[in-house]
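Engineer: Below is structure.cif; it holds mmCIF, C-alpha atoms.
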data_query
#
loop_
_atom_site.label_atom_id
_atom_site.label_comp_id
_atom_site.auth_asym_id
_atom_site.auth_seq_id
_atom_site.Cartn_x
_atom_site.Cartn_y
_atom_site.Cartn_z
CA ILE A 993 15.66 28.68 -1.75
CA ILE A 994 18.51 26.37 -0.73
CA ASN A 995 20.53 29.29 0.66
CA GLU A 996 17.61 30.52 2.71
CA MET A 997 16.59 27.09 3.95
CA PHE A 998 20.03 25.61 4.66
CA LEU A 999 23.14 27.69 4.04
CA GLU A 1000 22.55 31.16 5.44
CA GLU A 1001 23.33 31.85 9.10
CA TYR A 1002 20.40 30.70 11.26
CA ALA A 1003 18.86 29.02 8.21
CA ILE A 1004 15.27 27.89 8.68
CA LEU A 1005 15.95 24.14 8.29
CA GLU A 1006 19.47 24.02 9.73
CA ASN A 1007 18.46 21.89 12.73
CA GLU A 1008 15.11 20.57 11.52
CA VAL A 1009 16.11 17.01 10.66
CA LEU A 1010 18.35 16.51 13.71
CA ASP A 1011 15.70 17.87 16.08
CA ILE A 1012 13.09 15.50 14.69
CA LEU A 1013 15.32 12.43 14.72
CA MET A 1014 16.83 13.05 18.16
CA SER A 1015 13.35 13.10 19.67
CA GLU A 1016 12.46 9.90 17.80
CA PHE A 1017 15.58 7.77 18.21
CA GLY A 1018 16.71 8.31 21.80
CA ARG A 1019 19.77 6.34 22.95
CA ARG A 1020 20.29 4.13 19.89
CA SER A 1021 20.50 7.05 17.52
CA LYS A 1022 24.03 6.44 16.14
CA ILE A 1023 23.27 3.22 14.26
CA TYR A 1024 20.09 4.74 12.80
CA TYR A 1025 21.99 7.79 11.57
CA GLU A 1026 24.69 5.65 10.01
CA ILE A 1027 22.17 3.45 8.17
CA LEU A 1028 20.29 6.48 6.86
CA CYS A 1029 23.58 8.01 5.70
CA ALA A 1030 24.51 4.80 3.89
CA ILE A 1031 21.13 4.56 2.12
CA SER A 1032 21.15 8.24 1.13
CA ASN A 1033 24.56 7.74 -0.48
CA GLY A 1034 23.47 4.85 -2.70
CA SER A 1035 23.91 1.76 -0.52
CA ASN A 1036 20.47 0.28 -1.10
CA THR A 1037 20.86 -3.41 -0.26
CA LEU A 1038 21.65 -5.01 3.09
CA LYS A 1039 25.05 -6.14 1.81
CA GLU A 1040 25.92 -2.68 0.50
CA ILE A 1041 24.88 -1.02 3.76
CA SER A 1042 26.99 -3.46 5.80
CA ASN A 1043 29.97 -2.84 3.50
CA TYR A 1044 29.50 0.93 3.72
CA LEU A 1045 29.46 0.78 7.52
CA SER A 1046 32.03 -2.05 7.83
CA VAL A 1047 29.73 -4.10 10.08
CA LYS A 1048 28.14 -7.53 9.84
CA GLU A 1049 24.79 -7.82 8.06
CA THR A 1050 23.26 -9.56 11.08
CA SER A 1051 23.88 -6.46 13.24
CA LEU A 1052 21.73 -4.38 10.90
CA THR A 1053 18.63 -6.57 10.75
CA ARG A 1054 16.93 -5.15 13.84
CA PRO A 1055 17.64 -1.42 13.32
CA LEU A 1056 16.66 -1.67 9.65
CA ASP A 1057 13.40 -3.33 10.63
CA GLU A 1058 12.76 -0.57 13.19
CA LEU A 1059 13.50 2.17 10.65
CA GLN A 1060 10.94 0.53 8.36
CA ASN A 1061 8.16 -0.61 10.63
CA TYR A 1062 8.44 1.52 13.78
CA PHE A 1063 9.83 4.88 12.70
CA GLU A 1064 8.53 4.51 9.11
CA LEU A 1065 11.50 6.42 7.70
CA VAL A 1066 12.74 3.68 5.36
CA GLU A 1067 10.85 1.62 2.81
CA LYS A 1068 11.82 -1.47 0.87
CA LYS A 1069 10.91 -1.15 -2.80
CA ASN A 1070 10.71 -4.17 -5.09
CA PHE A 1071 12.78 -3.58 -8.18
CA TRP A 1072 12.71 -5.91 -11.17
CA ASN A 1073 15.23 -8.38 -9.77
CA LYS A 1074 15.65 -7.45 -6.10
CA SER A 1075 14.43 -5.31 -3.21
CA LEU A 1076 16.18 -2.06 -2.34
CA TYR A 1077 16.03 0.21 0.71
CA PHE A 1078 15.16 3.90 0.31
CA ILE A 1079 14.51 6.80 2.67
CA LYS A 1080 10.85 7.77 2.41
CA HIS A 1081 11.05 11.46 3.26
CA PRO A 1082 12.83 13.60 0.61
CA LEU A 1083 14.04 16.21 3.13
CA ILE A 1084 15.63 13.58 5.38
CA ASN A 1085 17.23 11.89 2.38
CA PHE A 1086 18.60 15.25 1.19
CA TRP A 1087 20.00 16.14 4.61
CA PHE A 1088 21.84 12.82 5.06
CA HIS A 1089 23.20 12.90 1.52
CA MET A 1090 24.42 16.49 1.65
CA PHE A 1091 25.15 17.38 5.31
CA TYR A 1092 25.50 14.45 7.72
CA LYS A 1093 29.09 13.35 6.99
CA ASP A 1094 30.41 16.93 7.19
CA TYR A 1095 28.02 18.31 9.77
CA SER A 1096 30.62 20.15 11.86
CA LEU A 1097 31.94 21.88 8.72
CA TYR A 1098 28.38 22.70 7.73
CA LEU A 1099 27.71 24.42 11.07
CA LYS A 1100 30.86 26.53 10.58
CA ARG A 1101 29.77 27.32 6.99
CA ASP A 1102 33.23 26.20 5.96
CA GLN A 1103 33.96 27.46 2.43
CA LYS A 1104 35.37 24.12 1.26
CA PHE A 1105 32.19 22.47 2.45
CA ILE A 1106 30.03 25.07 0.65
CA SER A 1107 31.98 24.54 -2.56
CA LYS A 1108 31.68 20.76 -2.24
CA PHE A 1109 27.96 21.13 -1.52
CA TRP A 1110 27.27 22.93 -4.81
CA ASP A 1111 29.39 20.41 -6.71
CA LYS A 1112 27.34 17.53 -5.29
CA LEU A 1113 23.98 19.17 -5.77
CA ASN A 1114 23.60 18.51 -9.49
CA GLN A 1115 24.41 14.82 -8.96
CA TYR A 1116 21.73 14.69 -6.26
CA PHE A 1117 19.21 16.31 -8.60
CA GLY A 1118 19.99 13.51 -11.06
CA LEU A 1119 19.02 10.87 -8.50
CA ARG A 1120 15.81 12.67 -7.64
CA PHE A 1121 15.05 13.07 -11.36
CA GLU A 1122 14.91 9.27 -11.66
CA ASP A 1123 12.31 9.11 -8.87
CA LEU A 1124 10.30 11.87 -10.49
CA CYS A 1125 10.18 10.04 -13.83
CA ARG A 1126 9.11 6.77 -12.17
CA GLN A 1127 6.40 8.67 -10.33
CA ILE A 1128 5.05 10.10 -13.59
CA LEU A 1129 5.06 6.67 -15.26
CA SER A 1130 3.24 5.07 -12.33
CA ASN A 1131 0.12 6.93 -13.48
CA GLU A 1132 0.23 5.19 -16.85
CA PHE A 1133 1.68 1.70 -16.31
CA ASP A 1134 0.68 -1.30 -14.21
CA TYR A 1135 4.25 -1.81 -13.02
CA VAL A 1136 7.17 0.62 -12.72
CA SER A 1137 10.59 -0.10 -11.23
CA GLY A 1138 14.25 -0.20 -12.16
CA PHE A 1139 16.85 -2.89 -12.72
CA TYR A 1140 19.93 -3.23 -10.57
CA LEU A 1141 22.67 -5.82 -11.01
CA ASN A 1142 25.95 -5.66 -9.11
CA ARG A 1143 28.37 -8.55 -9.53
CA LYS A 1144 32.15 -8.74 -9.48
CA LYS A 1145 32.62 -8.02 -13.17
CA ILE A 1146 29.16 -6.76 -14.10
CA GLN A 1147 27.42 -3.64 -12.85
CA ILE A 1148 24.16 -2.86 -14.64
CA ASP A 1149 21.72 -0.10 -13.75
CA ILE A 1150 18.57 0.53 -15.79
CA ASP A 1151 16.65 3.49 -14.40
CA ILE A 1152 13.19 2.37 -15.48
CA ILE A 1153 11.40 -0.83 -16.45
CA ALA A 1154 7.63 -0.47 -16.90
CA TYR A 1155 4.86 -2.44 -18.50
CA ASP A 1156 1.13 -2.54 -19.07
CA ASP A 1157 -1.08 -4.92 -21.06
CA SER A 1158 0.75 -4.32 -24.33
CA LYS A 1159 4.03 -2.41 -23.81
CA LEU A 1160 7.33 -3.20 -22.10
CA VAL A 1161 9.36 -0.01 -21.62
CA PHE A 1162 13.04 0.36 -20.76
CA GLY A 1163 13.96 3.89 -19.71
CA GLU A 1164 16.96 6.05 -18.91
CA CYS A 1165 16.97 9.37 -17.04
CA LYS A 1166 19.70 11.92 -17.73
CA TRP A 1167 19.79 15.18 -15.78
CA LYS A 1168 21.73 16.80 -18.63
CA ASP A 1169 21.25 19.12 -21.58
CA ASN A 1170 21.83 18.22 -25.25
CA VAL A 1171 21.57 14.48 -24.66
CA ASN A 1172 22.31 12.23 -27.64
CA PRO A 1173 19.41 9.71 -27.72
CA GLU A 1174 21.15 7.33 -30.13
CA LYS A 1175 24.08 6.94 -27.73
CA ILE A 1176 21.66 6.27 -24.85
CA CYS A 1177 19.76 3.67 -26.92
CA LYS A 1178 22.94 1.84 -27.85
CA GLU A 1179 24.10 1.67 -24.21
CA LEU A 1180 20.65 0.67 -22.96
CA ILE A 1181 20.23 -2.18 -25.45
CA GLU A 1182 23.53 -3.62 -24.21
CA LYS A 1183 22.13 -3.56 -20.66
CA ILE A 1184 18.76 -5.07 -21.62
CA GLN A 1185 20.38 -8.41 -22.48
CA TYR A 1186 20.92 -8.94 -18.74
CA VAL A 1187 17.21 -8.57 -17.95
CA ASP A 1188 15.35 -11.84 -17.59
CA VAL A 1189 11.99 -11.01 -19.19
CA PRO A 1190 9.12 -13.32 -18.07
CA ASN A 1191 7.32 -15.35 -20.72
CA ASN A 1192 4.09 -13.36 -20.33
CA LEU A 1193 5.92 -10.16 -21.36
CA LYS A 1194 8.08 -11.45 -24.22
CA ASN A 1195 5.47 -10.67 -26.88
CA HIS A 1196 4.86 -7.14 -25.57
CA LYS A 1197 5.78 -4.21 -27.79
CA LYS A 1198 9.23 -3.10 -26.60
CA GLU A 1199 10.00 0.60 -26.35
CA ILE A 1200 12.82 2.83 -25.10
CA TRP A 1201 11.87 6.02 -23.25
CA ILE A 1202 14.53 8.62 -22.52
CA PHE A 1203 14.10 11.50 -20.07
CA ALA A 1204 16.47 14.48 -20.09
CA LYS A 1205 16.69 18.23 -19.56
CA SER A 1206 16.99 18.61 -23.32
CA PHE A 1207 18.13 16.69 -26.43
CA LYS A 1208 20.44 17.41 -29.34
CA SER A 1209 17.60 16.02 -31.43
CA LYS A 1210 14.73 13.64 -30.76
CA ILE A 1211 14.34 10.26 -32.46
CA ASP A 1212 11.38 7.89 -32.64
CA GLN A 1213 13.11 4.66 -33.71
CA TYR A 1214 16.36 2.84 -32.99
CA GLU A 1215 16.95 -0.64 -34.40
CA ASN A 1216 13.82 -2.63 -33.49
CA TYR A 1217 12.71 -0.31 -30.69
CA VAL A 1218 10.18 2.49 -30.72
CA VAL A 1219 11.85 5.44 -28.97
CA LYS A 1220 10.21 8.30 -27.07
CA CYS A 1221 12.19 11.31 -25.85
CA PHE A 1222 10.86 13.51 -23.04
CA ASP A 1223 12.49 16.81 -22.13
CA LEU A 1224 11.56 19.08 -19.21
CA SER A 1225 8.80 20.85 -21.14
CA ASP A 1226 7.22 17.46 -21.95
CA LEU A 1227 7.37 16.44 -18.29
CA GLU A 1228 5.91 19.74 -17.17
CA LYS A 1229 2.90 19.20 -19.43
CA THR A 1230 2.51 15.66 -18.07
CA PHE A 1231 2.71 16.90 -14.48
CA ILE A 1232 0.11 19.60 -15.08
CA GLN A 1233 -2.22 17.07 -16.72
CA ASN A 1234 -1.77 14.53 -13.90
CA SER A 1235 -2.25 17.20 -11.22
CA THR A 1236 -5.45 18.42 -12.87
CA THR A 1237 -6.78 14.87 -13.16
CA THR A 1238 -5.95 14.09 -9.53
CA SER A 1239 -7.52 17.32 -8.29
CA THR A 1240 -10.72 16.70 -10.29
CA THR A 1241 -10.93 13.13 -9.04
CA GLU A 1242 -10.52 14.22 -5.40
CA GLN A 1243 -13.26 16.82 -5.80
CA LEU A 1244 -15.62 14.23 -7.30
#
Step by step, read the file and then write its structure as structure tokens.
Structural biologist:
Amino acid sequence: IINEMFLEEYAILENEVLDILMSEFGRRSKIYYEILCAISNGSNTLKEISNYLSVKETSLTRPLDELQNYFELVEKKNFWNKSLYFIKHPLINFWFHMFYKDYSLYLKRDQKFISKFWDKLNQYFGLRFEDLCRQILSNEFDYVSGFYLNRKKIQIDIDIIAYDDSKLVFGECKWKDNVNPEKICKELIEKIQYVDVPNNLKNHKKEIWIFAKSFKSKIDQYENYVVKCFDLSDLEKTFIQNSTTTSTTEQL
């Protein structure tokens, strides 16, 4: 599918994103492109975007606001401890992450670019896997987000924090096979100490949920935490169930 859509000569979606954005942006297109590139490559706060582009934060306020509220290409999601910028449309996010910085090489179908593309693709799937897992959990929990802490000596990233009336879940997403859940639990518990849990959630039942392609073995307990392990077959079942429920509800 990727070859046909992007990599073959005269691929169907070769110019799709550029054609759309050129008609939308007009003269001020460069700064919009650069911001979208920064966000697609993991710069999700204003400070990180300004550092990525080597410009002042104040120069980004207006174009970021326009990308959000006028063009509706960017959204600001509230994570547990801060707000982060994301590109709303998956195709546009994919194109900026994979093609924008090496666009001239892409048009030439340069072999080094093609090789680099396939190397990066699995990492990109990992990022999208996190979004997929949050989307699934949003059908079950009142609140779903992640935790992101970036200081000089501390960099903490928890893929999922979710809660309902009784449970507080900390989750990790690994786009890998044969994942060791005990290792993930140990690392995650070390990260959890940096999360400031509100008083109204401190008595909730705390669980660890791990999502992966597959596991060496599944566990259901680690120290004081209930543990749930979901592989791709588990997620497929969940997706089918959610899709059926949604379809039935829409028909009703």
Engineer: So what do you get for CA of Ile1023 in chain A versus CA of Phe1105 in chain A, distance-wise?
Structural biologist: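 Atom-to-atom, CA of Ile1023 in chain A and CA of Phe1105 in chain A are spaced 24.3 Å apart.
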Engineer: List, as a list in words, every residue that the PyMOL selection byres ((chain A and resi 1138-1144) around 9) selects in the file provided.
Structural biologist: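 For this structure, the PyMOL selection byres ((chain A and resi 1138-1144) around 9) resolves to Asn1070, Phe1071, Trp1072, Asn1073, Lys1074, Arg1126, Val1136, Ser1137, Lys1145, Ile1146, Gln1147, Ile1148, Asp1149, Ile1150, Asp1151, Ile1152, Ile1153, Ala1154, Phe1162, Gly1163, Tyr1186 and Val1187 of chain A.
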Engineer: Might you pull out every residue within 9 Å of Leu1045 in chain A, with only C-alpha atoms counted and same-chain residues fewer than 5 positions away left off, and present them as a ChimeraX atom specification?
Structural biologist: /A:1026-1027,1030,1040
Engineer: Quick one, how far is CA of Tyr1095 in chain A from CA of Ile1031 in chain A?
Structural biologist: 17.2 Å
Engineer: What is the CA of Asn1114 in chain A-CA of Tyr1025 in chain A distance in Å, reported with one decimal?
Structural biologist: 23.7 Å
Engineer: Pick out the closest residue to Phe1086 in chain A from this set: A:Asp1134, A:Gly1018, A:Tyr1217, A:Lys1112. Count only C-alpha atoms.
Structural biologist: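 Nearest candidate to Phe1086 in chain A out of A:Asp1134, A:Gly1018, A:Tyr1217, A:Lys1112: A:Lys1112.
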Engineer: Of the candidates A:Leu1193, A:Lys1100, A:Asp1156, A:Ile1211, which one gets nearest to Asn1131 in chain A if we count all atoms listed in the file?
Structural biologist: A:Asp1156
